[in-house]
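Here the structure is laid out as structure tokens; the discussion comes afterwards.
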Amino acid sequence: MSRTWQRLTATLVLPVLAAVVCAPAWTDDGDGLPSTTRDARNMLDAGRHTFRFDTFGDEGFWGGTIRLHEAIEGGRFGGVGPGVSPRAALAVGLKVDVDALPAALVQSLKSGQVNLDDPATTLALLKLNAVVGVTGFFDPTGTMLRSVGIQCALCHSTVDDSLAPGIGRRLDGWANRDLNVGAIVGLAPDLSAVATLLRVDEGTVRKVLAAWGPGKFDAELLLDGKAFRPDGKSAASLIPPAFGLAGVNLHTWVGWGSVTHWNAFVATLEMHGKGTFFDPRLRDASQFPIAARAGFDDVRNDPDLVSPKLPALHLYQLALVAPKAPAGSFDSEAAARGKQVFAASGCASCHVPPTFTEPGWNLHSPAELGIDDFQANRAPAKGYRTAPLRGLWTHRKGGFYHDGRFATLLDVVNHYDLQFGLHLSAEEKRDLVEYLNSL
Ligand code: HEC
Ligand code: HEC
């Protein structure tokens, strides 16, 4: 650049730039907010509401088809069986939102005056919209449970246990590793629709669901019908957190696509909401025999109760920041040393800070990781997505890696030590684990 140009730039362009930067940003409505900030806030509120409360019309499946509500209310209230008491609900990992409870009820709970063994109490909690991720639909008189629907918050939220174990304030985005999805779905009196789709008998469906265990769900089952791995263990994956995902390219353990791709997929195909979903990769009948047969590659519903909510839901998901590890929950000096070990061991070449996944195509082959390819082969990309590591401390239950094969972080580190020939000392391993605990 010549001197003249530099001077011209300084005299002409800079003042203009300064004027643009210093000018009051676009505002209207007199609230003083730049319009993008206001739009983002409105979208966040809408997205949070969808994440927490929207069933996308999936009560047509959970109540209408498999009649889960009948098992919840029990024979005494017009359903079937003994009903689900709050104690039973908490035992399968369902959570209660304390902010939805009236003050008097909170007091009664504190003083142990609420009957946690009576399904009537569960119905009262559902009426208050206090069961995280589950909505009850009652008849006009408000006494009979007519149907039930589920939300994203069911699997991707928990509570802080502030009132009692399982009862507290919502923690959106946290993986609910207590939740036994298989046990809950297994309560439903009629699973014939699932059996028909999978071309097996209902008893087999119930056996598969019972094998999932807490904190797990199998998002691929209704695509490929593979319920068990070659070693005979359940094919279900751990529920991952839904926070810390901004800046992360591929999503899910096996890199199905973007957050919004997966949101549309889950809402329409897994939760059975009434949406639109298009993914021609599911036409591959050799990889996805069930999906190809059922036409899951191109699903349309009119009215579409999912698509209008996807933009705000996407923004809300990206806004969920991974919670910081509480001070004192890890050894900070060891963690500082562990950070060096993390860098020196090549961990950071895949887990690139601050997202702790690769900017770009964040997928690796099973061979690179030194693990089997069963789960990788159940998705189009046939790899494993570099797991973002922030907030690991919130989901230690159930283990690590997609199927929880490593019970502790030390087990993960020992695996890498062998796989990459790192020869870490016991101390370096401990420091590395403390660093992982600190993220
Ligand atoms: C029944 C439990 C369940 C429900 C309900 C559920 N999810 Fe998930 N979610 C999972 C599981 C399990 C995975 C991992 C799937 C895989 O990798 O195969 C997952 C993965 C994800 C991911 C990818 C996370 C990452 O690390 O990249 C996002 C994002 C997500 N879910 C969002 C949602 C949204 C939004 C909803 C509601 C529309 C929802 N989920 C409903 C169980 C659930
Ligand atoms: C070649 C890329 C790569 C390297 C190098 C790598 N990782 Fe990973 N990491 C992955 C992938 C991919 C996964 C997800 C595995 C799965 O889905 O089962 C993962 C998963 C993890 C997990 C489990 C996360 C969870 O939510 O369960 C931890 C912890 C972890 N890595 C730590 C490390 C550490 C520590 C190192 C260095 C010793 C390291 N990684 C090196 C790619 C890598």
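Following the order of the structure tokens, first chain is A, next is B, and so on, with residues numbered from 1 inside each chain and ligands from 1 in the order they appear.
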
Strand (DSSP E or B) positions in range 224-438 of chain A, given as a ChimeraX atom specification: /A:228,234,237-238,251,257,277-278,298-299,363-364,384-385,400,406

Keeping C-alpha atoms for every residue in the selection just given, could you write it to a file as a tab-separated table (two decimals), in the first residue's frame?
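Once written, selection.tsv looks like this:
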```
chain	number	residue	atom	x	y	z
A	228	PHE	CA	-27.54	-56.14	20.44
A	234	SER	CA	-27.24	-53.91	24.38
A	237	SER	CA	-25.73	-45.43	23.55
A	238	LEU	CA	-25.27	-43.14	26.53
A	251	HIS	CA	-23.09	-34.12	16.24
A	257	GLY	CA	-24.93	-34.19	11.08
A	277	PHE	CA	-37.76	-34.96	8.10
A	278	PHE	CA	-35.68	-35.49	5.00
A	298	ASP	CA	-38.84	-38.47	3.74
A	299	VAL	CA	-41.46	-37.92	6.42
A	363	LEU	CA	-14.71	-37.61	12.83
A	364	HIS	CA	-12.27	-40.52	13.29
A	384	TYR	CA	-16.74	-41.68	15.82
A	385	ARG	CA	-17.12	-37.97	16.44
A	400	PHE	CA	-17.31	-42.78	29.05
A	406	PHE	CA	-14.73	-47.08	30.19
```

Fewer than 4 positions away in the same chain doesn't count, so skip those; otherwise give me all residues within 9 Å of range 49-63 of chain A, counting only C-alpha atoms, as an MDAnalysis selection string. chainID A and resid 44:45 67:70 129 132:137 146:154 157 172 185 188 267:268 271:275 304:306 309:310 312:313 316:317

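Contacts with ligand 2 are defined as any residue atom within 6 Å of a ligand atom, using only C-alpha atoms and all ligand atoms; the residues meeting this criterion are A:Trp253, A:Phe342, A:Ser345, A:Gly346, A:Cys347, A:Ser349, A:Cys350, A:His364, A:Glu368, A:Leu369, A:Tyr384, A:Arg385, A:Thr386, A:Ala387, A:Leu389, A:Phe400, A:Tyr401, A:His402, A:Leu409, A:Val413, A:Tyr416.
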
Selected residues written out, C-alpha atoms, as a short mmCIF file (atom, residue, chain, number, x, y, z; two decimals), in the first residue's frame:
```
data_model
loop_
_atom_site.label_atom_id
_atom_site.label_comp_id
_atom_site.auth_asym_id
_atom_site.auth_seq_id
_atom_site.Cartn_x
_atom_site.Cartn_y
_atom_site.Cartn_z
CA TRP A 253 -21.42 -39.94 19.00
CA PHE A 342 -2.98 -33.22 27.58
CA SER A 345 0.20 -36.45 24.62
CA GLY A 346 -1.52 -35.26 21.46
CA CYS A 347 -4.97 -35.18 23.07
CA SER A 349 -4.75 -32.41 18.37
CA CYS A 350 -8.24 -33.96 18.27
CA HIS A 364 -12.27 -40.52 13.29
CA GLU A 368 -7.54 -44.69 14.91
CA LEU A 369 -9.23 -44.88 18.30
CA TYR A 384 -16.74 -41.68 15.82
CA ARG A 385 -17.12 -37.97 16.44
CA THR A 386 -14.46 -36.38 18.67
CA ALA A 387 -16.45 -35.92 21.87
CA LEU A 389 -15.00 -32.66 26.71
CA PHE A 400 -17.31 -42.78 29.05
CA TYR A 401 -17.24 -43.26 25.27
CA HIS A 402 -20.51 -43.79 23.40
CA LEU A 409 -11.63 -41.30 33.27
CA VAL A 413 -6.52 -42.50 29.88
CA TYR A 416 -5.08 -44.00 25.16
#
```

For Val248 in chain A, which of A:Arg229, A:Arg41, A:Lys207, A:His351 is the closest residue, counting only C-alpha atoms? A:His351

Choose the residue, out of A:Val92, A:Ala193, A:Ala219, A:Leu105, that has the smallest atom-to-atom separation from ligand 1; count only C-alpha atoms and all ligand atoms.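 Nearest candidate to ligand 1 out of A:Val92, A:Ala193, A:Ala219, A:Leu105: A:Ala219.
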
Check the DSSP output for the backbone and give back, as a PyMOL selection string, the residues of range 79-172 of chain A in alpha helix (DSSP H). chain A and resi 86-91+103-110+119-127+153-156

Serialized selection, C-alpha atoms, as a compact mmCIF listing (two decimals), in the first residue's frame:
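Output (again15.txt):
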```
# COMPACT_ATOMS: atom_id res chain seq x y z
CA PRO A 86 -43.70 -40.83 42.55
CA ARG A 87 -41.24 -43.16 44.28
CA ALA A 88 -41.31 -45.51 41.28
CA ALA A 89 -41.02 -42.58 38.88
CA LEU A 90 -37.97 -41.20 40.73
CA ALA A 91 -36.46 -44.69 40.78
CA ALA A 103 -45.18 -23.27 48.05
CA ALA A 104 -47.55 -25.31 50.21
CA LEU A 105 -46.62 -28.51 48.38
CA VAL A 106 -42.91 -27.73 48.76
CA GLN A 107 -43.48 -27.39 52.51
CA SER A 108 -45.37 -30.69 52.65
CA LEU A 109 -42.61 -32.41 50.69
CA LYS A 110 -39.99 -31.00 53.06
CA PRO A 119 -50.03 -42.85 41.81
CA ALA A 120 -52.57 -40.09 42.56
CA THR A 121 -49.60 -37.94 43.62
CA THR A 122 -47.91 -38.63 40.26
CA LEU A 123 -51.07 -37.47 38.49
CA ALA A 124 -51.13 -34.31 40.62
CA LEU A 125 -47.48 -33.62 39.70
CA LEU A 126 -48.27 -34.12 36.01
CA LYS A 127 -51.19 -31.70 36.31
CA ALA A 153 -35.83 -32.19 28.47
CA LEU A 154 -36.70 -35.78 29.39
CA CYS A 155 -33.26 -37.06 28.40
CA HIS A 156 -31.22 -33.85 28.18
```

Within 9 Å of Thr394 in chain A using only C-alpha atoms, minus same-chain residues under 4 positions, as a list of chain:residue names: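 The filter keeps A:Trp174, A:Ala175, A:Pro241, A:Pro323, A:Ala325.
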
Write out as a list of chain:residue names the residues lying within 7 Å of Ile290 in chain A, counting only C-alpha atoms and excluding same-chain residues fewer than 5 positions away. A:Leu198, A:Leu222, A:Leu223, A:Asp224, A:Gly225

Can you tell me, as a PyMOL selection string, what residues are no more than 7 Å from range 418-426 of chain A when counting only C-alpha atoms, ignoring any on the same chain fewer than 4 positions away? chain A and resi 345+370+414+430

Just N, CA and C atoms for this one: save the residues we selected as a compact mmCIF listing (two decimals), in the first residue's frame.
```
# COMPACT_ATOMS: atom_id res chain seq x y z
N SER A 345 0.59 -35.10 25.03
CA SER A 345 0.20 -36.45 24.62
C SER A 345 -0.59 -36.48 23.32
N GLY A 370 -8.73 -47.23 18.19
CA GLY A 370 -8.45 -48.54 18.77
C GLY A 370 -9.68 -49.18 19.40
N ASN A 414 -5.92 -44.80 30.41
CA ASN A 414 -5.15 -46.05 30.24
C ASN A 414 -5.32 -46.61 28.82
N ARG A 430 -2.68 -39.37 36.65
CA ARG A 430 -3.54 -38.74 37.65
C ARG A 430 -3.76 -37.27 37.33
```

With distances taken over only C-alpha atoms and all ligand atoms, which residue among A:Thr65, A:Thr276, A:Thr36, A:Asn263 lies nearest ligand 1? A:Asn263

Just want the 10 Å neighbourhood of Ser438 in chain A, counted on only C-alpha atoms, with same-chain residues fewer than 5 positions away dropped. Output as JSON, numbers by chain. {"A": [324, 325, 326, 327, 328, 329, 330, 331, 332, 334, 335, 336, 338, 339, 390, 391, 392, 393, 432, 433]}

Generate the output file for the selected residues, C-alpha atoms, as a compact mmCIF listing (two decimals), in the first residue's frame.
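Saved the output as out-v5.txt:
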```
# COMPACT_ATOMS: atom_id res chain seq x y z
CA LYS A 324 -17.84 -25.01 34.92
CA ALA A 325 -16.50 -27.61 37.33
CA PRO A 326 -17.12 -26.28 40.86
CA ALA A 327 -14.00 -25.03 42.62
CA GLY A 328 -12.82 -27.67 45.06
CA SER A 329 -14.28 -30.53 43.01
CA PHE A 330 -10.82 -31.17 41.51
CA ASP A 331 -7.18 -30.65 42.45
CA SER A 332 -6.31 -27.43 40.62
CA ALA A 334 -2.71 -31.36 39.41
CA ALA A 335 -5.12 -30.08 36.74
CA ALA A 336 -2.63 -27.39 35.69
CA GLY A 338 -2.48 -32.28 33.52
CA LYS A 339 -3.09 -29.56 30.96
CA ARG A 390 -16.38 -29.66 28.57
CA GLY A 391 -18.62 -30.54 31.50
CA LEU A 392 -17.36 -34.15 31.76
CA TRP A 393 -17.81 -33.81 35.53
CA LEU A 432 -4.45 -35.75 33.22
CA VAL A 433 -7.58 -37.09 34.93
```

What gap, in Å, lies between CA of Asp373 in chain A and CA of Arg206 in chain A? 26.1 Å
